[in-house]
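Chemist: Here it is: the structure, laid out below.
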2 protein chains.
Amino acid sequence: MEKREIEVISSQALGERTGIPSAQVRKDLSYYGEFGRRGVGYEVSILRRHLQKILGLERDWPMVIVGAGNLGRALVNYQGFLRHGLEVRAVFDSDPRVIGTYIHNLRVEGPEIMEQRIQEEEAHLGIIAVPAEAAQEVAERLITAGIRGIWNFSPEHLRVPQEVILRNEDLSVGLMALIYHLNYSIDRGD
Amino acid sequence: MEKREIEVISSQALGERTGIPSAQVRKDLSYYGEFGRRGVGYEVSILRRHLQKILGLERDWPMVIVGAGNLGRALVNYQGFLRHGLEVRAVFDSDPRVIGTYIHNLRVEGPEIMEQRIQEEEAHLGIIAVPAEAAQEVAERLITAGIRGIWNFSPEHLRVPQEVILRNEDLSVGLMALIYHLNYSIDRGD
C-alpha cells in the first residue's frame with residue numbers, strides 16, 4: 001500500500017484484503033495498542049511500523065539453512081525473505097560434492113563448522129531442509145549451538161526442548177486446500 | 001494413527017493433536033455427515049476414508065509443474081505429495097539447458113508442448129514455480145490448456161478468471177509466524 005501511495009486504510013478495506021471481518025481486524029490490532037483512529041482508519045506508514053514491531057522484524061534474524069538440496073537452495077534464493085529484511089547467512093550440507101559450491105553468493109559449508117558459524121553469525125533461526133532420517137540429529141546440533149527457533153521442512157516429527165520454537169512446514173497442506181476447493185468447483189460444474 | 005494401530009479416537013484427542021477445540025472438531029466434521037459415535041469417538045479407518053472424500057482425494061489429481069528451478073525440482077520430489085497419492089506428471093522449463101534433463105524419473109519438457117501434455121495427462125492442477133515476470137503468461141497458458149486450479153509459488157499477483165481456483169503460496173508467512181513466537185520467547189527470557 002505504501003508503494004501504491006495509499007496513506008490511510010480503514011479496517012473494512014483491511015478486512016476485504018485479508019478475508020478477516022473488519023471488527024476482528026480492529027480487535028486484533030487494538031490488542032497491541034491504539035494506533036488506529038476511530039472513523040478514519042490506520043495510517044499506512046504507522047501501521048506498517050507497528051506490524052513490523054509486533055512481528056519482531058525490527059530485530060535482525062540471521063538464519064542458517066541445513067541441507068543444500070533443491071529445497072534448501074530454493075530457500076536461500078527465496079525473494080520473499082529479503083523483502084522482509086531476512087537473510088540467510090550460512091548454508092550447510094554433508095555431501096562433499098556440494099560443499100564449496102555456491103548458491104547465489106553463499107558458499108555451502110561442511111557440517112563440522114556448523115556450531116562455530118552459528119555462533120559467529122549470532123543466528124537464532126535454523127531451517128532444516130535435510131531428509132527425514134537426518135533431521136533429528138541436525139535439530140539437536142542446531143539447538144546445542146544456540147538456535148532457538150527451528151523451521152522444519154522435513155517430514156520428521158522432531159523432539160525439541162520446550163523453550164525451542166518449532167514450526168513444521170508441510171507443503172501438502174496448501175495443496176490439499178487447493179484440491180478441496182477445486183473438487184467442489186468441478187462438482188458444481190463451474 | 002492407522003500405522004500406530006489406533007482404532008478409535010475421540011474428538012478430545014483429535015482436538016489436542018490439531019490444536020482445535022474438541023467441540024469445533026465435532027461441529028466441523030458433523031457438517032459433512034454423522035460418522036462419529038457419541039461418547040465413543042471416530043473409528044480411525046472410517047474417519048480417514050471420510051477425510052479423503054471430503055478433501056477430494058479419492059479422485060486422481062494429475063499435476064504439472066512449470067519451472068524446473070530449485071523450487072520446481074524440490075516440488076517434483078516432494079515426498080508429502082506421494083503420501084497423499086498425488087503425482088506430478090509433467091514438468092516444463094523454457095531453459096534449453098534444462099530441457100531434457102531428468103528430475104527423479106521425470107524428463108523436463110519444453111514449453112511448446114505444454115498444452116498438448118496437459119491434455120494428454122488430463123491434468124487440472126498446475127503449479128507455477130517460475131520467476132514473477134513470467135508467471136502471468138504461464139497462468140494464462142495453463143488455463144487455456146484446461147488447468148482449473150493453480151498453485152502459485154511466484155510472488156506475482158495473478159489475474160485469473162473467477163472459475164479458476166488460485167492459491168498463492170508465500171513461504172515468508174510461515175517464517176513470520178515463527179519469528180513472532182521466537183521474538184516473544186526471547187523477550188520473556190526463556
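Ligands are numbered from 1 in the order shown, chains are lettered A, B, ... in the order of the C-alpha cells, and residues start at 1 in each chain.
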Show me, as JSON lines, the residues of range 94-147 of chain B having an atom within 10 Å of range 63-86 of chain B, each with the closest atom pair and its distance in Å, using only C-alpha atoms.
Modeler:
```
{"residue": "B:Ser94", "atom": "CA", "partner": "B:Gly67", "partner_atom": "CA", "distance": 7.7}
{"residue": "B:Asp95", "atom": "CA", "partner": "B:Ala68", "partner_atom": "CA", "distance": 8.8}
{"residue": "B:Val98", "atom": "CA", "partner": "B:Ala68", "partner_atom": "CA", "distance": 7.5}
{"residue": "B:Ile99", "atom": "CA", "partner": "B:Ala68", "partner_atom": "CA", "distance": 8.9}
{"residue": "B:Thr101", "atom": "CA", "partner": "B:Ala68", "partner_atom": "CA", "distance": 9.8}
{"residue": "B:Tyr102", "atom": "CA", "partner": "B:Arg73", "partner_atom": "CA", "distance": 9.6}
{"residue": "B:Ile103", "atom": "CA", "partner": "B:Arg73", "partner_atom": "CA", "distance": 6.5}
{"residue": "B:His104", "atom": "CA", "partner": "B:Asn77", "partner_atom": "CA", "distance": 7.0}
{"residue": "B:Asn105", "atom": "CA", "partner": "B:Asn77", "partner_atom": "CA", "distance": 9.8}
{"residue": "B:Leu106", "atom": "CA", "partner": "B:Val76", "partner_atom": "CA", "distance": 8.4}
{"residue": "B:Val108", "atom": "CA", "partner": "B:Ala68", "partner_atom": "CA", "distance": 7.3}
{"residue": "B:Glu109", "atom": "CA", "partner": "B:Ala68", "partner_atom": "CA", "distance": 9.5}
{"residue": "B:Gly110", "atom": "CA", "partner": "B:Val66", "partner_atom": "CA", "distance": 9.7}
{"residue": "B:Pro111", "atom": "CA", "partner": "B:Val66", "partner_atom": "CA", "distance": 8.4}
{"residue": "B:Met114", "atom": "CA", "partner": "B:Val66", "partner_atom": "CA", "distance": 8.9}
{"residue": "B:Arg117", "atom": "CA", "partner": "B:Val64", "partner_atom": "CA", "distance": 9.0}
{"residue": "B:Ile118", "atom": "CA", "partner": "B:Val64", "partner_atom": "CA", "distance": 7.3}
{"residue": "B:Glu121", "atom": "CA", "partner": "B:Met63", "partner_atom": "CA", "distance": 8.4}
{"residue": "B:Glu122", "atom": "CA", "partner": "B:Met63", "partner_atom": "CA", "distance": 8.9}
{"residue": "B:Ala123", "atom": "CA", "partner": "B:Met63", "partner_atom": "CA", "distance": 5.6}
{"residue": "B:His124", "atom": "CA", "partner": "B:Met63", "partner_atom": "CA", "distance": 6.9}
{"residue": "B:Leu125", "atom": "CA", "partner": "B:Met63", "partner_atom": "CA", "distance": 4.9}
{"residue": "B:Gly126", "atom": "CA", "partner": "B:Val64", "partner_atom": "CA", "distance": 5.0}
{"residue": "B:Ile127", "atom": "CA", "partner": "B:Ile65", "partner_atom": "CA", "distance": 4.6}
{"residue": "B:Ile128", "atom": "CA", "partner": "B:Val66", "partner_atom": "CA", "distance": 5.2}
{"residue": "B:Ala129", "atom": "CA", "partner": "B:Gly67", "partner_atom": "CA", "distance": 4.8}
{"residue": "B:Val130", "atom": "CA", "partner": "B:Gly67", "partner_atom": "CA", "distance": 4.8}
{"residue": "B:Pro131", "atom": "CA", "partner": "B:Gly67", "partner_atom": "CA", "distance": 8.3}
{"residue": "B:Ala134", "atom": "CA", "partner": "B:Gly67", "partner_atom": "CA", "distance": 9.8}
{"residue": "B:Ala135", "atom": "CA", "partner": "B:Val66", "partner_atom": "CA", "distance": 9.3}
{"residue": "B:Val138", "atom": "CA", "partner": "B:Val66", "partner_atom": "CA", "distance": 7.7}
{"residue": "B:Ala139", "atom": "CA", "partner": "B:Val66", "partner_atom": "CA", "distance": 9.4}
{"residue": "B:Leu142", "atom": "CA", "partner": "B:Val66", "partner_atom": "CA", "distance": 9.2}
{"residue": "B:Ile147", "atom": "CA", "partner": "B:Val64", "partner_atom": "CA", "distance": 9.2}
```
Chemist: Produce a file of the selected residues containing C-alpha atoms, as a compact mmCIF listing (two decimals), in the first residue's frame.
Modeler:
```txt
# COMPACT_ATOMS: atom_id res chain seq x y z
CA SER B 94 11.95 -22.70 -21.02
CA ASP B 95 15.71 -23.01 -20.50
CA VAL B 98 17.35 -27.70 -18.56
CA ILE B 99 15.01 -29.28 -21.14
CA THR B 101 17.38 -33.30 -18.05
CA TYR B 102 15.72 -35.54 -15.51
CA ILE B 103 14.28 -34.82 -12.06
CA HIS B 104 13.95 -38.19 -10.44
CA ASN B 105 12.48 -40.10 -13.40
CA LEU B 106 10.60 -37.18 -14.91
CA VAL B 108 11.89 -31.77 -18.16
CA GLU B 109 9.94 -30.77 -21.28
CA GLY B 110 9.88 -27.59 -23.34
CA PRO B 111 7.07 -25.04 -23.09
CA MET B 114 2.73 -27.75 -22.54
CA ARG B 117 0.87 -32.67 -22.46
CA ILE B 118 -1.71 -31.15 -20.09
CA GLU B 121 -2.42 -36.20 -18.77
CA GLU B 122 -5.91 -34.77 -18.18
CA ALA B 123 -4.30 -32.50 -15.59
CA HIS B 124 -6.48 -29.98 -13.79
CA LEU B 125 -3.80 -28.82 -11.38
CA GLY B 126 -0.86 -26.62 -12.28
CA ILE B 127 1.99 -25.43 -10.09
CA ILE B 128 3.73 -22.21 -11.06
CA ALA B 129 7.36 -22.08 -9.97
CA VAL B 130 8.71 -19.54 -12.45
CA PRO B 131 10.08 -16.03 -11.83
CA ALA B 134 6.84 -14.99 -16.40
CA ALA B 135 4.04 -16.06 -14.07
CA VAL B 138 2.25 -19.13 -17.74
CA ALA B 139 -1.03 -18.92 -15.82
CA LEU B 142 -2.24 -23.27 -18.24
CA ILE B 147 -5.93 -26.24 -15.85
```
Chemist: Taking only C-alpha atoms into account, find every residue of chain A that has an atom no more than 8 Å from chain B, and write it out as a PyMOL selection string.
Modeler: chain A and resi 54-57+69-71+73-74+80-81+148-151+155+163+165-167+169-172+174-183+185+190
Chemist: Could those selected residues go to a file with N, CA and C atoms, as a CSV table (one decimal), in the first residue's frame?
Modeler:
```csv
chain,number,residue,atom,x,y,z
A,54,ILE,N,5.3,-5.7,16.0
A,54,ILE,CA,4.6,-6.8,16.5
A,54,ILE,C,5.2,-8.2,16.1
A,55,LEU,N,5.6,-8.2,14.9
A,55,LEU,CA,6.1,-9.5,14.4
A,55,LEU,C,7.6,-9.7,14.8
A,56,GLY,N,8.2,-8.7,15.3
A,56,GLY,CA,9.6,-8.8,15.8
A,56,GLY,C,10.6,-8.5,14.7
A,57,LEU,N,10.1,-7.8,13.6
A,57,LEU,CA,11.0,-7.7,12.5
A,57,LEU,C,11.9,-6.4,12.6
A,69,GLY,N,20.0,-29.2,-0.8
A,69,GLY,CA,19.3,-29.9,-1.9
A,69,GLY,C,18.5,-28.9,-2.6
A,70,ASN,N,17.6,-29.3,-3.4
A,70,ASN,CA,16.7,-28.4,-4.1
A,70,ASN,C,15.9,-27.4,-3.2
A,71,LEU,N,15.4,-28.0,-2.2
A,71,LEU,CA,14.6,-27.1,-1.3
A,71,LEU,C,15.4,-26.1,-0.5
A,73,ARG,N,18.3,-24.9,-1.5
A,73,ARG,CA,18.7,-23.9,-2.5
A,73,ARG,C,17.6,-22.9,-2.8
A,74,ALA,N,16.4,-23.5,-2.9
A,74,ALA,CA,15.3,-22.6,-3.2
A,74,ALA,C,15.1,-21.6,-2.1
A,80,GLY,N,11.1,-13.6,-1.1
A,80,GLY,CA,10.2,-13.1,-0.1
A,80,GLY,C,10.9,-12.8,1.2
A,81,PHE,N,12.0,-13.6,1.5
A,81,PHE,CA,12.7,-13.3,2.8
A,81,PHE,C,13.4,-12.0,2.7
A,148,ARG,N,17.3,-21.1,18.5
A,148,ARG,CA,16.2,-21.0,19.4
A,148,ARG,C,14.8,-21.3,18.7
A,149,GLY,N,14.9,-21.1,17.3
A,149,GLY,CA,13.7,-21.3,16.5
A,149,GLY,C,14.0,-22.2,15.3
A,150,ILE,N,13.2,-23.3,15.1
A,150,ILE,CA,13.5,-24.2,14.0
A,150,ILE,C,12.3,-24.2,13.1
A,151,TRP,N,12.6,-24.1,11.8
A,151,TRP,CA,11.6,-24.2,10.7
A,151,TRP,C,11.9,-25.5,10.0
A,155,PRO,N,9.8,-34.2,6.8
A,155,PRO,CA,8.5,-34.8,7.3
A,155,PRO,C,8.7,-35.4,8.7
A,163,GLU,N,11.6,-24.9,25.3
A,163,GLU,CA,11.9,-23.5,25.1
A,163,GLU,C,12.2,-23.2,23.6
A,165,ILE,N,11.3,-22.9,19.8
A,165,ILE,CA,10.1,-22.7,19.0
A,165,ILE,C,10.3,-23.6,17.7
A,166,LEU,N,9.3,-24.5,17.5
A,166,LEU,CA,9.4,-25.4,16.3
A,166,LEU,C,8.2,-25.1,15.4
A,167,ARG,N,8.5,-24.9,14.1
A,167,ARG,CA,7.4,-24.8,13.2
A,167,ARG,C,7.6,-25.9,12.1
A,169,GLU,N,6.7,-27.3,8.5
A,169,GLU,CA,6.1,-26.8,7.2
A,169,GLU,C,5.8,-28.0,6.4
A,170,ASP,N,4.5,-28.2,6.2
A,170,ASP,CA,4.1,-29.3,5.3
A,170,ASP,C,3.5,-28.7,4.1
A,171,LEU,N,4.2,-28.7,3.0
A,171,LEU,CA,3.6,-28.1,1.8
A,171,LEU,C,2.4,-28.8,1.3
A,172,SER,N,2.2,-30.1,1.6
A,172,SER,CA,1.0,-30.8,1.2
A,172,SER,C,-0.3,-30.1,1.7
A,174,GLY,N,-1.1,-26.9,1.8
A,174,GLY,CA,-1.6,-26.0,0.9
A,174,GLY,C,-2.2,-26.6,-0.3
A,175,LEU,N,-1.6,-27.7,-0.8
A,175,LEU,CA,-2.2,-28.4,-1.9
A,175,LEU,C,-3.5,-29.1,-1.6
A,176,MET,N,-3.7,-29.6,-0.4
A,176,MET,CA,-4.9,-30.2,0.0
A,176,MET,C,-6.1,-29.1,-0.1
A,177,ALA,N,-5.7,-27.9,0.4
A,177,ALA,CA,-6.7,-26.9,0.5
A,177,ALA,C,-7.2,-26.5,-1.0
A,178,LEU,N,-6.2,-26.5,-1.8
A,178,LEU,CA,-6.5,-26.2,-3.2
A,178,LEU,C,-7.4,-27.2,-3.9
A,179,ILE,N,-7.0,-28.5,-3.6
A,179,ILE,CA,-7.8,-29.6,-4.2
A,179,ILE,C,-9.2,-29.6,-3.6
A,180,TYR,N,-9.3,-29.3,-2.3
A,180,TYR,CA,-10.7,-29.3,-1.7
A,180,TYR,C,-11.6,-28.3,-2.5
A,181,HIS,N,-11.1,-27.1,-2.7
A,181,HIS,CA,-11.9,-26.1,-3.4
A,181,HIS,C,-12.1,-26.5,-4.9
A,182,LEU,N,-11.1,-27.0,-5.5
A,182,LEU,CA,-11.1,-27.4,-6.9
A,182,LEU,C,-12.2,-28.5,-7.1
A,183,ASN,N,-12.2,-29.5,-6.2
A,183,ASN,CA,-13.1,-30.6,-6.2
A,183,ASN,C,-14.5,-30.1,-6.2
A,185,SER,N,-15.6,-27.1,-6.9
A,185,SER,CA,-15.8,-26.3,-8.1
A,185,SER,C,-16.2,-27.2,-9.3
A,190,ASP,N,-18.6,-25.8,-12.5
A,190,ASP,CA,-18.2,-24.4,-12.9
A,190,ASP,C,-17.5,-24.5,-14.2
```
Chemist: Just the strand (DSSP E) stuff from range 6-74 of chain B, please, per backbone DSSP, written as a list in words.
Modeler: Val8, Ile9, Tyr42, Glu43, Met63, Val64, Ile65 and Val66 of chain B
Chemist: Pick out each residue of range 38-178 of chain A that DSSP on the backbone tags as helix (DSSP H, G or I); I need them as an MDAnalysis selection string.
Modeler: chainID A and resid 44:55 70:76 79:83 111:121 132:145 171:178
Chemist: Give me, as a compact mmCIF listing (two decimals) with N, CA and C atoms, in the first residue's frame, all polymer residues having an atom no more than 12 Å from range 39-42 of chain A, counting only C-alpha atoms and skipping those fewer than 2 positions away in the same chain.
Modeler:
```txt
# COMPACT_ATOMS: atom_id res chain seq x y z
N MET A 1 0.83 -1.20 0.00
CA MET A 1 0.00 0.00 0.00
C MET A 1 0.86 1.25 0.00
N ILE A 6 -0.97 4.71 -0.96
CA ILE A 6 -2.18 4.77 -0.14
C ILE A 6 -1.74 5.20 1.26
N GLU A 7 -2.31 6.29 1.77
CA GLU A 7 -1.81 6.84 3.04
C GLU A 7 -2.59 6.34 4.24
N VAL A 8 -3.91 6.14 4.03
CA VAL A 8 -4.77 5.71 5.15
C VAL A 8 -5.62 4.54 4.67
N ILE A 9 -5.81 3.55 5.53
CA ILE A 9 -6.68 2.43 5.17
C ILE A 9 -7.64 2.13 6.32
N SER A 10 -8.89 1.87 5.98
CA SER A 10 -9.89 1.56 7.00
C SER A 10 -9.80 0.08 7.37
N SER A 11 -10.39 -0.25 8.53
CA SER A 11 -10.41 -1.67 8.92
C SER A 11 -11.29 -2.47 7.96
N GLN A 12 -12.30 -1.82 7.35
CA GLN A 12 -13.12 -2.50 6.34
C GLN A 12 -12.24 -2.92 5.16
N ALA A 13 -11.45 -1.97 4.65
CA ALA A 13 -10.60 -2.28 3.50
C ALA A 13 -9.56 -3.33 3.86
N LEU A 14 -9.00 -3.24 5.07
CA LEU A 14 -8.04 -4.26 5.52
C LEU A 14 -8.72 -5.62 5.58
N GLY A 15 -9.97 -5.61 6.08
CA GLY A 15 -10.73 -6.85 6.17
C GLY A 15 -10.95 -7.48 4.82
N SER A 22 -13.94 -7.00 9.56
CA SER A 22 -13.30 -5.76 9.98
C SER A 22 -13.31 -5.58 11.50
N VAL A 25 -10.37 -7.40 12.71
CA VAL A 25 -9.15 -6.64 12.39
C VAL A 25 -8.91 -5.60 13.49
N ARG A 26 -9.97 -4.83 13.81
CA ARG A 26 -9.83 -3.78 14.83
C ARG A 26 -9.48 -4.37 16.19
N LEU A 29 -5.82 -5.80 16.21
CA LEU A 29 -4.79 -4.76 16.21
C LEU A 29 -4.79 -3.99 17.53
N SER A 30 -6.00 -3.77 18.08
CA SER A 30 -6.08 -2.97 19.32
C SER A 30 -5.45 -3.72 20.49
N GLU A 34 -3.24 1.31 20.63
CA GLU A 34 -4.24 2.11 19.92
C GLU A 34 -3.57 2.90 18.81
N PHE A 35 -3.37 2.29 17.66
CA PHE A 35 -2.73 3.05 16.59
C PHE A 35 -3.65 3.31 15.40
N GLY A 36 -4.93 3.03 15.54
CA GLY A 36 -5.89 3.43 14.51
C GLY A 36 -6.68 4.63 15.01
N ARG A 37 -7.37 5.30 14.11
CA ARG A 37 -8.21 6.42 14.54
C ARG A 37 -9.65 6.13 14.19
N VAL A 44 -1.07 4.18 6.93
CA VAL A 44 -0.36 3.01 6.41
C VAL A 44 1.07 2.93 6.95
N SER A 45 1.78 4.06 6.97
CA SER A 45 3.19 4.00 7.39
C SER A 45 3.30 3.64 8.87
N ILE A 46 2.34 4.14 9.66
CA ILE A 46 2.36 3.82 11.09
C ILE A 46 1.97 2.37 11.31
N LEU A 47 0.96 1.92 10.58
CA LEU A 47 0.51 0.53 10.70
C LEU A 47 1.65 -0.42 10.34
N ARG A 48 2.34 -0.08 9.27
CA ARG A 48 3.46 -0.91 8.82
C ARG A 48 4.53 -1.02 9.91
N ARG A 49 4.86 0.13 10.52
CA ARG A 49 5.89 0.13 11.57
C ARG A 49 5.42 -0.71 12.75
N HIS A 50 4.15 -0.56 13.10
CA HIS A 50 3.62 -1.35 14.22
C HIS A 50 3.63 -2.85 13.90
N LEU A 51 3.22 -3.19 12.69
CA LEU A 51 3.21 -4.62 12.33
C LEU A 51 4.62 -5.20 12.37
```
Chemist: Report, in Å with one decimal, the straight-line distance from CA of Gln119 in chain A to CA of Ala145 in chain A.
Modeler: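 Here the two named atoms are 6.8 Å from each other.
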